[in-house]
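Asks: Sharing a structure here in structure tokens format.
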Amino acid sequence: MQTPFLRIGTRGSKLALFQAHLVRGQLAAAHGVEEEAIAVEIIRTTGDRVQDRPLSEIGGKGLFTKEIEEALATGAIDLAVHSMKDMAAVLPQGLVIAAVLEREDARDAFLSPVASGIAALAPGAKVGCSSVRRSAQLWRQRPDVVITPFRGNVDTRLRKLHAGEVDATFLAVAGLNRLGLQHEITQAIAMDDMLPAPAQGVIGMETREDDTRIRDLLAPLHHAATHLQLQAERGFLAGIDGSCRTPVAAHAFVSGGEIELRCEALTLDGRAVFAARRQGAAQDGARMGLEAASEIRAAALGKLVL
């Protein structure tokens, strides 16, 4: 059997496979090989297996990456393709994000067959949501709504929504766009109303730090402006040092050589929000993220779940 040109590891959801094949196609085009020469290995993660409990109860974001990163560290795969919003703030020793694709729309999508937006929800409406960030941001605007846990892949959540189990739910605009499901979006939510998760909409490629061959192969795919955004947002994530039960949001805008970073952290019930902004040279984004986190931690004075 012919040895693959390289081996990509990914979760098995429809969206994860789309992203892995997107990277495979770009790698094949960049290096003049057939797509079939690049293997895509599906790795089932703990986060995929356990669907009956919120992530905050079973260990958080790392549950979508642990088994994939173990395969990467042992050499079973050459690179992993991730939704960067699923990545923990600190990577395992010896692993790095070697490249990122150009960012998709980072906003959250409101989906509902009965309401045109958050403000139009009926009093006491039932909203499916398992993100502590989205829940807190929603309760800040609509403390009357009832939030019910709503895990599963995109298809599962859409099926539950259309079956009438809830009146509304949220998904990332980026994922719906990538899957050709733009028609499901009732409203793309303005960032002033719902600041997205750090790194939402970014596809990252993780490799072994010492694997110069794979890092060189990924170089043509790397999008520099997206990487600058990522450094700032993940700098904030690392600095806030929150648990998976900490509602945090961040988004960086890059224009020319400047970056503007917006960050916030909320109490679980959404009643208090602590925000910070930074603006400066784009290459200083990581430092600005850490500074914004320090400002918010000082302002919150123990009110956040960290």
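We name chains A, B, ... following the order of the structure tokens; residues begin at 1 in each chain, and ligands are numbered from 1 as shown.
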Please provide as a ChimeraX atom specification all residues within 12 Å of range 269-274 of chain A, with the sequence filter that same-chain residues fewer than 4 positions apart are discarded (counting only C-alpha atoms).
Replies: /A:132-147,194-195,240,245-250,262-265,292-305
Asks: Would you export the selected residues with C-alpha atoms as a short mmCIF file (atom, residue, chain, number, x, y, z; two decimals), in the first residue's frame, please?
Replies:
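Dumped everything to again.cif:
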data_model
loop_
_atom_site.label_atom_id
_atom_site.label_comp_id
_atom_site.auth_asym_id
_atom_site.auth_seq_id
_atom_site.Cartn_x
_atom_site.Cartn_y
_atom_site.Cartn_z
CA VAL A 132 -22.26 29.42 28.59
CA ARG A 133 -21.21 32.48 26.58
CA ARG A 134 -24.30 32.59 24.38
CA SER A 135 -26.54 31.80 27.35
CA ALA A 136 -25.13 34.68 29.41
CA GLN A 137 -25.30 37.08 26.47
CA LEU A 138 -28.88 36.04 25.77
CA TRP A 139 -29.96 36.37 29.40
CA ARG A 140 -28.38 39.83 29.52
CA GLN A 141 -30.84 40.88 26.81
CA ARG A 142 -33.76 38.59 27.66
CA PRO A 143 -33.66 37.38 31.28
CA ASP A 144 -37.16 35.93 30.85
CA VAL A 145 -36.31 33.21 28.34
CA VAL A 146 -35.82 29.58 29.33
CA ILE A 147 -32.55 28.00 28.16
CA MET A 194 -23.42 39.18 20.82
CA LEU A 195 -19.64 39.29 20.70
CA ILE A 240 -8.40 35.44 31.47
CA ARG A 245 -17.80 27.67 32.72
CA THR A 246 -16.55 31.22 32.14
CA PRO A 247 -18.60 33.15 29.57
CA VAL A 248 -15.93 34.98 27.55
CA ALA A 249 -15.98 36.61 24.13
CA ALA A 250 -13.42 38.38 21.96
CA ARG A 262 -12.84 43.87 21.85
CA CYS A 263 -13.11 41.52 24.82
CA GLU A 264 -15.70 40.72 27.45
CA ALA A 265 -16.45 38.33 30.26
CA ALA A 292 -7.34 43.24 28.28
CA ALA A 293 -7.67 40.07 30.34
CA SER A 294 -5.83 41.65 33.26
CA GLU A 295 -8.11 44.69 33.11
CA ILE A 296 -11.23 42.54 33.16
CA ARG A 297 -9.99 40.31 35.97
CA ALA A 298 -9.23 43.38 38.07
CA ALA A 299 -12.63 44.94 37.36
CA ALA A 300 -14.54 41.72 38.08
CA LEU A 301 -12.99 41.30 41.55
CA GLY A 302 -13.95 37.67 41.96
CA LYS A 303 -17.42 37.92 40.39
CA LEU A 304 -16.54 35.65 37.47
CA VAL A 305 -16.42 31.83 37.42
#
Asks: Residues at most 12 Å from Val90 in chain A, counting only C-alpha atoms, excluding those fewer than 4 positions away in the same chain, as a list in words?
Replies: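 After dropping sequence-adjacent residues, the list is Lys61, Gly62, Met84, Asp86, Gly94, Leu95, Val96, Ile97, Arg234, Gly235, Phe236, Leu237, Ala238, Gly239, Asp241 and Gly242 of chain A.
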Asks: I need the chosen residues saved as a PDB file, in the first residue's frame, with C-alpha atoms.
Replies:
ATOM      1  CA  LYS A  61     -13.041  22.433  25.140  1.00  0.00           C
ATOM      2  CA  GLY A  62     -10.152  19.976  25.335  1.00  0.00           C
ATOM      3  CA  MET A  84      -9.985  27.126  16.572  1.00  0.00           C
ATOM      4  CA  ASP A  86     -12.696  24.540  20.230  1.00  0.00           C
ATOM      5  CA  GLY A  94       5.519  20.017  21.414  1.00  0.00           C
ATOM      6  CA  LEU A  95       2.438  20.970  19.361  1.00  0.00           C
ATOM      7  CA  VAL A  96       1.837  24.260  17.528  1.00  0.00           C
ATOM      8  CA  ILE A  97      -0.734  25.916  15.284  1.00  0.00           C
ATOM      9  CA  ARG A 234      -6.228  33.704  22.133  1.00  0.00           C
ATOM     10  CA  GLY A 235      -3.970  36.038  24.093  1.00  0.00           C
ATOM     11  CA  PHE A 236      -7.091  37.256  25.879  1.00  0.00           C
ATOM     12  CA  LEU A 237      -8.289  33.675  26.376  1.00  0.00           C
ATOM     13  CA  ALA A 238      -4.965  32.680  27.924  1.00  0.00           C
ATOM     14  CA  GLY A 239      -4.879  35.781  30.114  1.00  0.00           C
ATOM     15  CA  ASP A 241      -7.464  31.876  32.506  1.00  0.00           C
ATOM     16  CA  GLY A 242     -11.096  30.909  32.724  1.00  0.00           C
TER      17      GLY A 242
END
Asks: Using backbone DSSP assignments, extract all strand (DSSP E) residues from range 239-276 of chain A; output them as a ChimeraX atom specification.
Replies: /A:248-255,258-266,273-276
Asks: Just to be explicit: take each residue in the selection above, keep C-alpha atoms, and write the result as an mmCIF file, in the first residue's frame.
Replies:
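Heads up, here's the output in result_14.cif:
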data_model
loop_
_atom_site.group_PDB
_atom_site.id
_atom_site.type_symbol
_atom_site.label_atom_id
_atom_site.label_comp_id
_atom_site.auth_asym_id
_atom_site.auth_seq_id
_atom_site.Cartn_x
_atom_site.Cartn_y
_atom_site.Cartn_z
ATOM 1 C CA VAL A 248 -15.927 34.978 27.545
ATOM 2 C CA ALA A 249 -15.975 36.612 24.127
ATOM 3 C CA ALA A 250 -13.418 38.384 21.961
ATOM 4 C CA HIS A 251 -12.998 39.642 18.434
ATOM 5 C CA ALA A 252 -10.125 41.438 16.735
ATOM 6 C CA PHE A 253 -10.407 43.646 13.647
ATOM 7 C CA VAL A 254 -7.272 44.052 11.522
ATOM 8 C CA SER A 255 -6.842 46.916 9.082
ATOM 9 C CA GLU A 258 -3.460 48.157 13.071
ATOM 10 C CA ILE A 259 -5.605 45.898 15.207
ATOM 11 C CA GLU A 260 -8.618 46.694 17.370
ATOM 12 C CA LEU A 261 -9.517 44.112 20.007
ATOM 13 C CA ARG A 262 -12.845 43.870 21.853
ATOM 14 C CA CYS A 263 -13.111 41.515 24.819
ATOM 15 C CA GLU A 264 -15.703 40.724 27.448
ATOM 16 C CA ALA A 265 -16.454 38.326 30.262
ATOM 17 C CA LEU A 266 -19.859 37.858 31.875
ATOM 18 C CA VAL A 273 -20.507 42.169 31.895
ATOM 19 C CA PHE A 274 -16.900 43.309 32.089
ATOM 20 C CA ALA A 275 -15.444 44.665 28.857
ATOM 21 C CA ALA A 276 -12.114 45.940 27.583
#
Asks: So what do you get for CA of His82 in chain A versus CA of Val100 in chain A, distance-wise?
Replies: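 A separation of 9.6 Å between them.
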Asks: Taking only range 50-196 of chain A into account, list the residues labelled alpha helix (DSSP H) by DSSP (computed from the backbone), as a PyMOL selection string.
Replies: chain A and resi 55-58+66-74+132-141+154-162+173-178
Asks: May I ask for the distance between CA of Phe5 in chain A and CA of Leu72 in chain A, given in Å to one decimal place?
Replies: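 One can read the CA of Phe5 in chain A to CA of Leu72 in chain A distance as 15.6 Å.
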Asks: Neighbouring residues of range 177-188 of chain A were defined as those with any atom within 7 Å, considering only C-alpha atoms; residues of the same chain fewer than 3 positions away were excluded. Please report them as JSON, numbers by chain.
Replies: {"A": [15, 107, 108, 109, 110, 111, 112, 116, 117, 173, 174]}
Asks: Could you save the residues just selected, with N, CA and C atoms, as an mmCIF file, in the first residue's frame?
Replies:
data_model
loop_
_atom_site.group_PDB
_atom_site.id
_atom_site.type_symbol
_atom_site.label_atom_id
_atom_site.label_comp_id
_atom_site.auth_asym_id
_atom_site.auth_seq_id
_atom_site.Cartn_x
_atom_site.Cartn_y
_atom_site.Cartn_z
ATOM 1 N N LEU A 15 -19.307 18.957 9.560
ATOM 2 C CA LEU A 15 -18.553 20.209 9.472
ATOM 3 C C LEU A 15 -17.055 19.956 9.596
ATOM 4 N N ARG A 107 -19.601 35.944 13.158
ATOM 5 C CA ARG A 107 -20.790 36.231 13.961
ATOM 6 C C ARG A 107 -21.566 34.973 14.355
ATOM 7 N N ASP A 108 -22.395 35.117 15.378
ATOM 8 C CA ASP A 108 -23.346 34.079 15.758
ATOM 9 C C ASP A 108 -24.603 34.222 14.914
ATOM 10 N N ALA A 109 -25.256 33.096 14.674
ATOM 11 C CA ALA A 109 -26.512 33.086 13.926
ATOM 12 C C ALA A 109 -27.664 32.748 14.858
ATOM 13 N N PHE A 110 -28.738 33.527 14.765
ATOM 14 C CA PHE A 110 -29.989 33.241 15.466
ATOM 15 C C PHE A 110 -30.879 32.476 14.502
ATOM 16 N N LEU A 111 -31.394 31.318 14.952
ATOM 17 C CA LEU A 111 -32.249 30.484 14.121
ATOM 18 C C LEU A 111 -33.574 30.267 14.838
ATOM 19 N N SER A 112 -34.668 30.580 14.168
ATOM 20 C CA SER A 112 -35.975 30.392 14.782
ATOM 21 C C SER A 112 -37.060 30.354 13.716
ATOM 22 N N SER A 116 -38.184 36.681 14.609
ATOM 23 C CA SER A 116 -37.239 37.284 13.665
ATOM 24 C C SER A 116 -35.899 37.632 14.302
ATOM 25 N N GLY A 117 -35.848 37.617 15.630
ATOM 26 C CA GLY A 117 -34.625 37.935 16.339
ATOM 27 C C GLY A 117 -34.817 37.776 17.826
ATOM 28 N N VAL A 173 -22.329 31.415 12.291
ATOM 29 C CA VAL A 173 -22.557 31.712 10.873
ATOM 30 C C VAL A 173 -21.530 30.982 10.001
ATOM 31 N N ALA A 174 -20.291 30.929 10.468
ATOM 32 C CA ALA A 174 -19.214 30.311 9.678
ATOM 33 C C ALA A 174 -19.535 28.863 9.318
#
Asks: Quick one: of A:Ala20, A:Ile203, A:Leu228, A:Ile77, who's nearest to Arg287 in chain A, counting only C-alpha atoms?
Replies: A:Leu228
Asks: Considering only C-alpha atoms, return as a list in words whatever protein or nucleic-acid residues lie within 8 Å of Gly257 in chain A, sequence-local ones (same chain, fewer than 5 positions apart) excluded.
Replies: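 Final neighbour list, sorted by chain and number: Ala281, Ala282 and Gln283 of chain A.
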Asks: Considering only C-alpha atoms, state which residue in the set A:Ala80, A:Glu67, A:Ala120, A:Thr3 is at the smallest distance from Glu36 in chain A.
Replies: A:Thr3
Asks: Can you pull out the residues contacting Cys129 in chain A? Cut-off 8 Å, using only C-alpha atoms, and skip same-chain residues under 6 positions away; I want them as a PyMOL selection string.
Replies: chain A and resi 135+147-151+169-170
Asks: Dump N, CA and C atoms for the selected residues as a tab-separated table (two decimals), in the first residue's frame?
Replies:
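Output file selection-v9.tsv is given in full below:
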chain	number	residue	atom	x	y	z
A	135	SER	N	-25.48	31.77	26.34
A	135	SER	CA	-26.54	31.80	27.35
A	135	SER	C	-26.48	33.09	28.16
A	147	ILE	N	-33.61	28.63	28.97
A	147	ILE	CA	-32.55	28.00	28.16
A	147	ILE	C	-32.50	26.52	28.49
A	148	THR	N	-32.54	25.71	27.46
A	148	THR	CA	-32.48	24.26	27.62
A	148	THR	C	-31.22	23.73	26.95
A	149	PRO	N	-30.52	22.76	27.56
A	149	PRO	CA	-29.30	22.22	26.96
A	149	PRO	C	-29.57	21.69	25.55
A	150	PHE	N	-28.62	21.93	24.64
A	150	PHE	CA	-28.87	21.66	23.23
A	150	PHE	C	-27.56	21.29	22.55
A	151	ARG	N	-27.05	20.10	22.82
A	151	ARG	CA	-25.79	19.68	22.21
A	151	ARG	C	-26.06	18.83	20.97
A	169	THR	N	-32.54	28.74	18.50
A	169	THR	CA	-31.21	28.28	18.91
A	169	THR	C	-30.18	29.17	18.25
A	170	PHE	N	-28.92	28.91	18.56
A	170	PHE	CA	-27.80	29.65	17.97
A	170	PHE	C	-26.80	28.69	17.38
Asks: So the first atom is CA of Leu176 in chain A and the second is CA of Thr156 in chain A; what is the distance between them in Å, to one decimal place?
Replies: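 One can read the CA of Leu176 in chain A to CA of Thr156 in chain A distance as 13.1 Å.
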Asks: When you count only C-alpha atoms, which of these residues is closest to Met191 in chain A: A:Ala106, A:Ala16, A:Leu217, A:Leu230?
Replies: A:Ala106
Asks: For Arg215 in chain A, which of A:Gln229, A:Val202, A:Gly32, A:Leu27 is the closest residue, counting only C-alpha atoms?
Replies: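 Distance minimum relative to Arg215 in chain A lands on A:Leu27.
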Asks: Which one of A:Lys126, A:Arg103, A:Arg278, A:Arg208 sits closest to Ala224 in chain A if you count only C-alpha atoms?
Replies: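 Closest to Ala224 in chain A of all the choices is A:Arg103.
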